[in-house]
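Q: Pasting in a structure now, in structure tokens, and then I'll have a few things to ask.
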Amino acid sequence: MSQANEWPLWEVFVRSKSGLDHKHCGSLHAPDAKLAIQAARDVYTRRQEGTSVWVVRSDQIVASDPADKAMYFDPMADKVYRHPTFYQLPPSVDQM
Amino acid sequence: MGVRQTSIEPSRAPPVQYVLRLADLCLILAQRLGEWCGHAPILEEDIALTNTALDLIGQARALLTHAGRLGAAQGCGVVLDEDQLAFLREERDYLNPTLVELPRGDFAFTTLRNAMVATWLTHMWQHLSASSDAEVAGIAAKAVKEARYHQRHAADWVVRLGDGTAESKQRLEEALHELWPYTAELFESDTVDEHAAASGLGPRWSALREGWFAQMRVLLSEAGLAMPAEGPFRSTGRSGKHSEHLGYLLTDMQYLQRAYPGGAW
């Protein structure tokens with residue numbers, strides 16, 4: 001948890017190429033959004049990783065509770081029919 | 001101890017001096033910023049300062065390489081490479097303005113100097129992107145993007161420190177009064193400048209004055225600081241006459257190449 005005298009934590013998302021989605025790549029401390037974007041640029045795009053950066057205050061992210069994992073996610077394990085693997089694709093779209 | 005590497009002497013032709021002044025400004029400020037590595041107030045800023053240093057070293061490398069070739073073309077005979085020019089000159093042959101060799105000071109001092117220099121460089125690179133020397137124009141076109149970011153980042157911090165706590169404001173104010181007298185040298189012109197302006201190589205440094213002052217006036221007022229009056233003091237680093245600080249900096253910077261000539265890794 002962050003201390004009262006510490007700057008807030010921000011999560012950083014970087015888009016590596018136009019057309020791709022922003023991917024989470026880490027976090028950093030910054031006093032506000034403006035410096036968070038600059039710090040994200042300096043810390044996470046030094047090696048040409050990005051063409052666009054998002055930052056979001058970590059405390060603004062609502063996450064699922066790890067304790068709910070069994071109830072939330074385990075029931076999906078045996079429902080293979082939810083995967084689109086049972087369709088016969090015509091040969092012309094075989095490379096989909 | 002093996003053979004000590006002896007010093008080289010760069011060409012004194014005006015175009016070479018013009019390029020070396022700018023190259024050395026970038027090189028020496030980069031060395032000062034490198035001193036922050038592992039010492040900045042926060043991790044994120046540690047990386048930002050060293051990123052800036054690396055950008056400046058990149059700019060210095062390109063300019064030094066070009067100065068070496070220009071020197072050969074101007075009759076110096078041999079082509080001195082970037083490493084020889086960076087590491088094997090005597091103190092008097094470094095032509096950076098004194099401003100960038102001053103010790104790094106505290107974070108306020110470093111940040112304000114970065115803002116001053118980045119603002120100056122933004123204007124300089126803009127002018128140079130129209131240089132009659134295609135190599136210089138190419139270097140400038142790439143460097144101006146880097147300088148714009150350095151300027152924005154440093155200027156943001158200047159406003160924050162000026163508009164921050166009583167202590168941050170006081171430190172920024174002290175930095176301003178220490179640094180200000182050394183900015184006059186950034187707008188002096190001499191025969192080297194006249195030569196560059198006549199050949200289209202680049203602007204007289206005095207031509208950057210108006211744009212720099214306009215931008216600094218806005219920045220300082222945003223930070224709640226008054227622009228100091230201009231005094232009679234003139235530093236002379238770009239003619240090779242430096243403060244007492246450059247010698248120590250060069251001792252650090254040159255040590256490896258002097259002790260292990262041609263060392264590479």
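Just so we're on the same page: first chain in the structure tokens is A, next is B, and so on; residues restart at 1 for each chain, and ligands are numbered from 1 in the order they show up.
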Find the residues around B:Arg69 up to 10 Å (only C-alpha atoms counted), leave out those fewer than 2 positions away in its own chain, and share them as a PDB file with N, CA and C atoms, in the first residue's frame.

A:
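New file result29.pdb:
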```
ATOM      1  N   VAL B  16      35.042  24.709 -38.037  1.00  0.00           N
ATOM      2  CA  VAL B  16      35.315  23.634 -37.079  1.00  0.00           C
ATOM      3  C   VAL B  16      35.015  24.126 -35.664  1.00  0.00           C
ATOM      4  N   LEU B  63      28.164  15.469 -34.055  1.00  0.00           N
ATOM      5  CA  LEU B  63      28.836  16.747 -34.340  1.00  0.00           C
ATOM      6  C   LEU B  63      30.357  16.602 -34.287  1.00  0.00           C
ATOM      7  N   LEU B  64      30.862  15.823 -33.342  1.00  0.00           N
ATOM      8  CA  LEU B  64      32.318  15.644 -33.236  1.00  0.00           C
ATOM      9  C   LEU B  64      32.858  14.920 -34.466  1.00  0.00           C
ATOM     10  N   THR B  65      32.120  13.893 -34.897  1.00  0.00           N
ATOM     11  CA  THR B  65      32.534  13.168 -36.103  1.00  0.00           C
ATOM     12  C   THR B  65      32.615  14.137 -37.280  1.00  0.00           C
ATOM     13  N   HIS B  66      31.578  14.981 -37.370  1.00  0.00           N
ATOM     14  CA  HIS B  66      31.548  15.944 -38.470  1.00  0.00           C
ATOM     15  C   HIS B  66      32.680  16.971 -38.331  1.00  0.00           C
ATOM     16  N   ALA B  67      32.928  17.424 -37.109  1.00  0.00           N
ATOM     17  CA  ALA B  67      34.009  18.399 -36.888  1.00  0.00           C
ATOM     18  C   ALA B  67      35.356  17.807 -37.291  1.00  0.00           C
ATOM     19  N   GLY B  71      37.608  19.406 -40.131  1.00  0.00           N
ATOM     20  CA  GLY B  71      38.977  19.794 -39.785  1.00  0.00           C
ATOM     21  C   GLY B  71      39.965  19.299 -40.838  1.00  0.00           C
ATOM     22  N   ALA B  72      39.760  18.045 -41.278  1.00  0.00           N
ATOM     23  CA  ALA B  72      40.646  17.480 -42.298  1.00  0.00           C
ATOM     24  C   ALA B  72      40.504  18.254 -43.602  1.00  0.00           C
ATOM     25  N   ALA B  73      39.251  18.575 -43.934  1.00  0.00           N
ATOM     26  CA  ALA B  73      38.994  19.327 -45.167  1.00  0.00           C
ATOM     27  C   ALA B  73      39.578  20.740 -45.090  1.00  0.00           C
ATOM     28  N   GLN B  74      39.663  21.269 -43.880  1.00  0.00           N
ATOM     29  CA  GLN B  74      40.182  22.634 -43.691  1.00  0.00           C
ATOM     30  C   GLN B  74      41.701  22.658 -43.581  1.00  0.00           C
ATOM     31  N   CYS B  76      43.776  20.407 -41.767  1.00  0.00           N
ATOM     32  CA  CYS B  76      44.436  19.842 -40.592  1.00  0.00           C
ATOM     33  C   CYS B  76      45.130  18.532 -40.964  1.00  0.00           C
ATOM     34  N   GLY B  77      44.735  17.976 -42.128  1.00  0.00           N
ATOM     35  CA  GLY B  77      45.419  16.782 -42.625  1.00  0.00           C
ATOM     36  C   GLY B  77      44.710  15.507 -42.239  1.00  0.00           C
ATOM     37  N   VAL B  78      44.851  15.068 -40.987  1.00  0.00           N
ATOM     38  CA  VAL B  78      44.233  13.808 -40.578  1.00  0.00           C
ATOM     39  C   VAL B  78      42.778  14.031 -40.153  1.00  0.00           C
ATOM     40  N   VAL B  79      41.979  12.978 -40.307  1.00  0.00           N
ATOM     41  CA  VAL B  79      40.603  13.027 -39.817  1.00  0.00           C
ATOM     42  C   VAL B  79      40.604  12.560 -38.373  1.00  0.00           C
ATOM     43  N   LEU B  80      40.317  13.474 -37.461  1.00  0.00           N
ATOM     44  CA  LEU B  80      40.210  13.094 -36.054  1.00  0.00           C
ATOM     45  C   LEU B  80      38.831  12.489 -35.822  1.00  0.00           C
ATOM     46  N   ASP B  81      38.771  11.364 -35.089  1.00  0.00           N
ATOM     47  CA  ASP B  81      37.450  10.764 -34.891  1.00  0.00           C
ATOM     48  C   ASP B  81      36.798  11.288 -33.608  1.00  0.00           C
ATOM     49  N   GLU B  82      35.552  10.864 -33.411  1.00  0.00           N
ATOM     50  CA  GLU B  82      34.760  11.403 -32.294  1.00  0.00           C
ATOM     51  C   GLU B  82      35.435  11.127 -30.944  1.00  0.00           C
TER      52      GLU B  82
END
```

Q: Excluding A:Asp42 and its own-chain neighbours fewer than 2 positions away, which residues fall within 9 Å of it when counting only C-alpha atoms? Please give them as JSON, numbers by chain.

A: {"A": [37, 38, 39, 40, 44, 45, 46], "B": [44, 45, 47, 48, 51]}

Q: Restricting the output to N, CA and C atoms, write the selected residues as a PDB file, in the first residue's frame.

A:
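Written out: out32.pdb:
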```
ATOM      1  N   ILE A  37       2.821  10.540 -17.516  1.00  0.00           N
ATOM      2  CA  ILE A  37       3.001  10.259 -18.945  1.00  0.00           C
ATOM      3  C   ILE A  37       4.480  10.435 -19.331  1.00  0.00           C
ATOM      4  N   GLN A  38       5.095  11.515 -18.830  1.00  0.00           N
ATOM      5  CA  GLN A  38       6.512  11.741 -19.173  1.00  0.00           C
ATOM      6  C   GLN A  38       7.404  10.652 -18.588  1.00  0.00           C
ATOM      7  N   ALA A  39       7.120  10.273 -17.337  1.00  0.00           N
ATOM      8  CA  ALA A  39       7.930   9.223 -16.719  1.00  0.00           C
ATOM      9  C   ALA A  39       7.730   7.902 -17.451  1.00  0.00           C
ATOM     10  N   ALA A  40       6.497   7.643 -17.893  1.00  0.00           N
ATOM     11  CA  ALA A  40       6.218   6.406 -18.627  1.00  0.00           C
ATOM     12  C   ALA A  40       7.007   6.385 -19.930  1.00  0.00           C
ATOM     13  N   TYR A  44       9.604   3.441 -19.944  1.00  0.00           N
ATOM     14  CA  TYR A  44       9.129   2.248 -20.659  1.00  0.00           C
ATOM     15  C   TYR A  44       9.232   2.309 -22.184  1.00  0.00           C
ATOM     16  N   THR A  45       9.681   3.426 -22.760  1.00  0.00           N
ATOM     17  CA  THR A  45       9.779   3.439 -24.237  1.00  0.00           C
ATOM     18  C   THR A  45      11.183   3.794 -24.711  1.00  0.00           C
ATOM     19  N   ARG A  46      12.171   3.524 -23.850  1.00  0.00           N
ATOM     20  CA  ARG A  46      13.554   3.871 -24.179  1.00  0.00           C
ATOM     21  C   ARG A  46      14.099   3.107 -25.368  1.00  0.00           C
TER      22      ARG A  46
ATOM     23  N   GLU B  44      12.297   7.452 -11.310  1.00  0.00           N
ATOM     24  CA  GLU B  44      11.785   7.863 -12.620  1.00  0.00           C
ATOM     25  C   GLU B  44      12.611   9.022 -13.177  1.00  0.00           C
ATOM     26  N   GLU B  45      13.028   9.947 -12.297  1.00  0.00           N
ATOM     27  CA  GLU B  45      13.780  11.116 -12.735  1.00  0.00           C
ATOM     28  C   GLU B  45      15.239  10.740 -13.005  1.00  0.00           C
ATOM     29  N   ILE B  47      16.133   8.050 -14.414  1.00  0.00           N
ATOM     30  CA  ILE B  47      16.120   7.536 -15.788  1.00  0.00           C
ATOM     31  C   ILE B  47      15.927   8.684 -16.781  1.00  0.00           C
ATOM     32  N   ALA B  48      15.055   9.642 -16.425  1.00  0.00           N
ATOM     33  CA  ALA B  48      14.810  10.769 -17.332  1.00  0.00           C
ATOM     34  C   ALA B  48      16.086  11.584 -17.551  1.00  0.00           C
ATOM     35  N   ASN B  51      18.503   9.582 -19.638  1.00  0.00           N
ATOM     36  CA  ASN B  51      18.018   9.565 -21.025  1.00  0.00           C
ATOM     37  C   ASN B  51      18.436  10.839 -21.739  1.00  0.00           C
TER      38      ASN B  51
END
```

Q: From a DSSP calculation on the backbone, collect every residue of stretch 24-87 of chain A in alpha helix (DSSP H) and output the set as a ChimeraX atom specification.

A: /A:33-44,69-72

Q: Counting only C-alpha atoms, what is within 12 Å of B:Gln170, bar same-chain residues fewer than 3 positions away, as a PyMOL selection string?

A: chain B and resi 106+108-109+161-167+173-177+223-225

Q: Please produce a file of those selected residues containing C-alpha atoms, as a PDB file, in the first residue's frame.

A:
```pdb
ATOM      1  CA  ASP B 106      21.047  20.358  -6.525  1.00  0.00           C
ATOM      2  CA  ALA B 108      16.676  22.717  -8.846  1.00  0.00           C
ATOM      3  CA  PHE B 109      19.992  23.876 -10.336  1.00  0.00           C
ATOM      4  CA  LEU B 161       9.581  23.644  -8.112  1.00  0.00           C
ATOM      5  CA  GLY B 162       8.697  27.335  -8.352  1.00  0.00           C
ATOM      6  CA  ASP B 163       5.101  26.588  -7.492  1.00  0.00           C
ATOM      7  CA  GLY B 164       5.938  23.908  -4.910  1.00  0.00           C
ATOM      8  CA  THR B 165       7.050  24.234  -1.307  1.00  0.00           C
ATOM      9  CA  ALA B 166       8.823  27.200   0.254  1.00  0.00           C
ATOM     10  CA  GLU B 167      12.067  25.220   0.105  1.00  0.00           C
ATOM     11  CA  GLU B 173      15.513  31.100  -6.916  1.00  0.00           C
ATOM     12  CA  GLU B 174      19.082  30.510  -5.753  1.00  0.00           C
ATOM     13  CA  ALA B 175      19.759  28.420  -8.862  1.00  0.00           C
ATOM     14  CA  LEU B 176      18.374  31.181 -11.077  1.00  0.00           C
ATOM     15  CA  HIS B 177      20.698  33.778  -9.584  1.00  0.00           C
ATOM     16  CA  ALA B 223       7.206  29.448 -11.986  1.00  0.00           C
ATOM     17  CA  GLY B 224       6.614  32.661 -10.054  1.00  0.00           C
ATOM     18  CA  LEU B 225      10.147  33.962 -10.565  1.00  0.00           C
TER      19      LEU B 225
END
```

Q: Give me the residues within 8 Å of B:Ser235 as a PyMOL selection string, counting only C-alpha atoms and dropping any in the same chain fewer than 2 places off.

A: chain B and resi 97-98+182+184-185+233+237+242

Q: One decimal, Å: what's the distance from atom CA of B:Glu135 over to atom CA of B:Gly68, could you say?

A: 12.6 Å

Q: With only C-alpha atoms as the counted atoms, please give the residues lying no more than 12 Å from A:Trp10, apart from itself and same-chain residues fewer than 6 positions off, as a PyMOL selection string.

A: (chain A and resi 2+24-40+54-61) or (chain B and resi 44)

Q: Can you tell me which residues surround A:Arg41 at a distance of at most 9 Å, considering only C-alpha atoms, apart from same-chain residues fewer than 6 positions away, and format the answer as a list in words?

A: Gly50, Ser52 and Val53 of chain A; Ala48 of chain B

Q: Quick one: everything within 9 Å of B:His123, counting only C-alpha atoms, minus sequence neighbours fewer than 5 positions away in the same chain. Send it as number ranges by chain.

A: B: 118, 128, 144, 208, 211-212

Q: Please produce a file of the residues just selected, as a PDB file, in the first residue's frame, where the atoms kept are N, CA and C atoms.

A:
```pdb
ATOM      1  N   ALA B 118      18.020  23.473 -22.985  1.00  0.00           N
ATOM      2  CA  ALA B 118      17.124  22.814 -23.948  1.00  0.00           C
ATOM      3  C   ALA B 118      16.361  23.862 -24.768  1.00  0.00           C
ATOM      4  N   LEU B 128      19.580  25.434 -37.452  1.00  0.00           N
ATOM      5  CA  LEU B 128      20.565  24.593 -38.140  1.00  0.00           C
ATOM      6  C   LEU B 128      19.927  23.607 -39.104  1.00  0.00           C
ATOM      7  N   VAL B 144      16.343  18.161 -32.988  1.00  0.00           N
ATOM      8  CA  VAL B 144      15.340  19.129 -32.521  1.00  0.00           C
ATOM      9  C   VAL B 144      14.188  18.416 -31.811  1.00  0.00           C
ATOM     10  N   LEU B 208      19.788  33.957 -31.498  1.00  0.00           N
ATOM     11  CA  LEU B 208      18.902  33.102 -30.704  1.00  0.00           C
ATOM     12  C   LEU B 208      18.327  33.845 -29.508  1.00  0.00           C
ATOM     13  N   GLY B 211      14.231  34.812 -29.224  1.00  0.00           N
ATOM     14  CA  GLY B 211      13.353  33.651 -29.008  1.00  0.00           C
ATOM     15  C   GLY B 211      13.544  33.036 -27.638  1.00  0.00           C
ATOM     16  N   TRP B 212      14.799  32.965 -27.208  1.00  0.00           N
ATOM     17  CA  TRP B 212      15.106  32.365 -25.904  1.00  0.00           C
ATOM     18  C   TRP B 212      14.529  33.207 -24.771  1.00  0.00           C
TER      19      TRP B 212
END
```
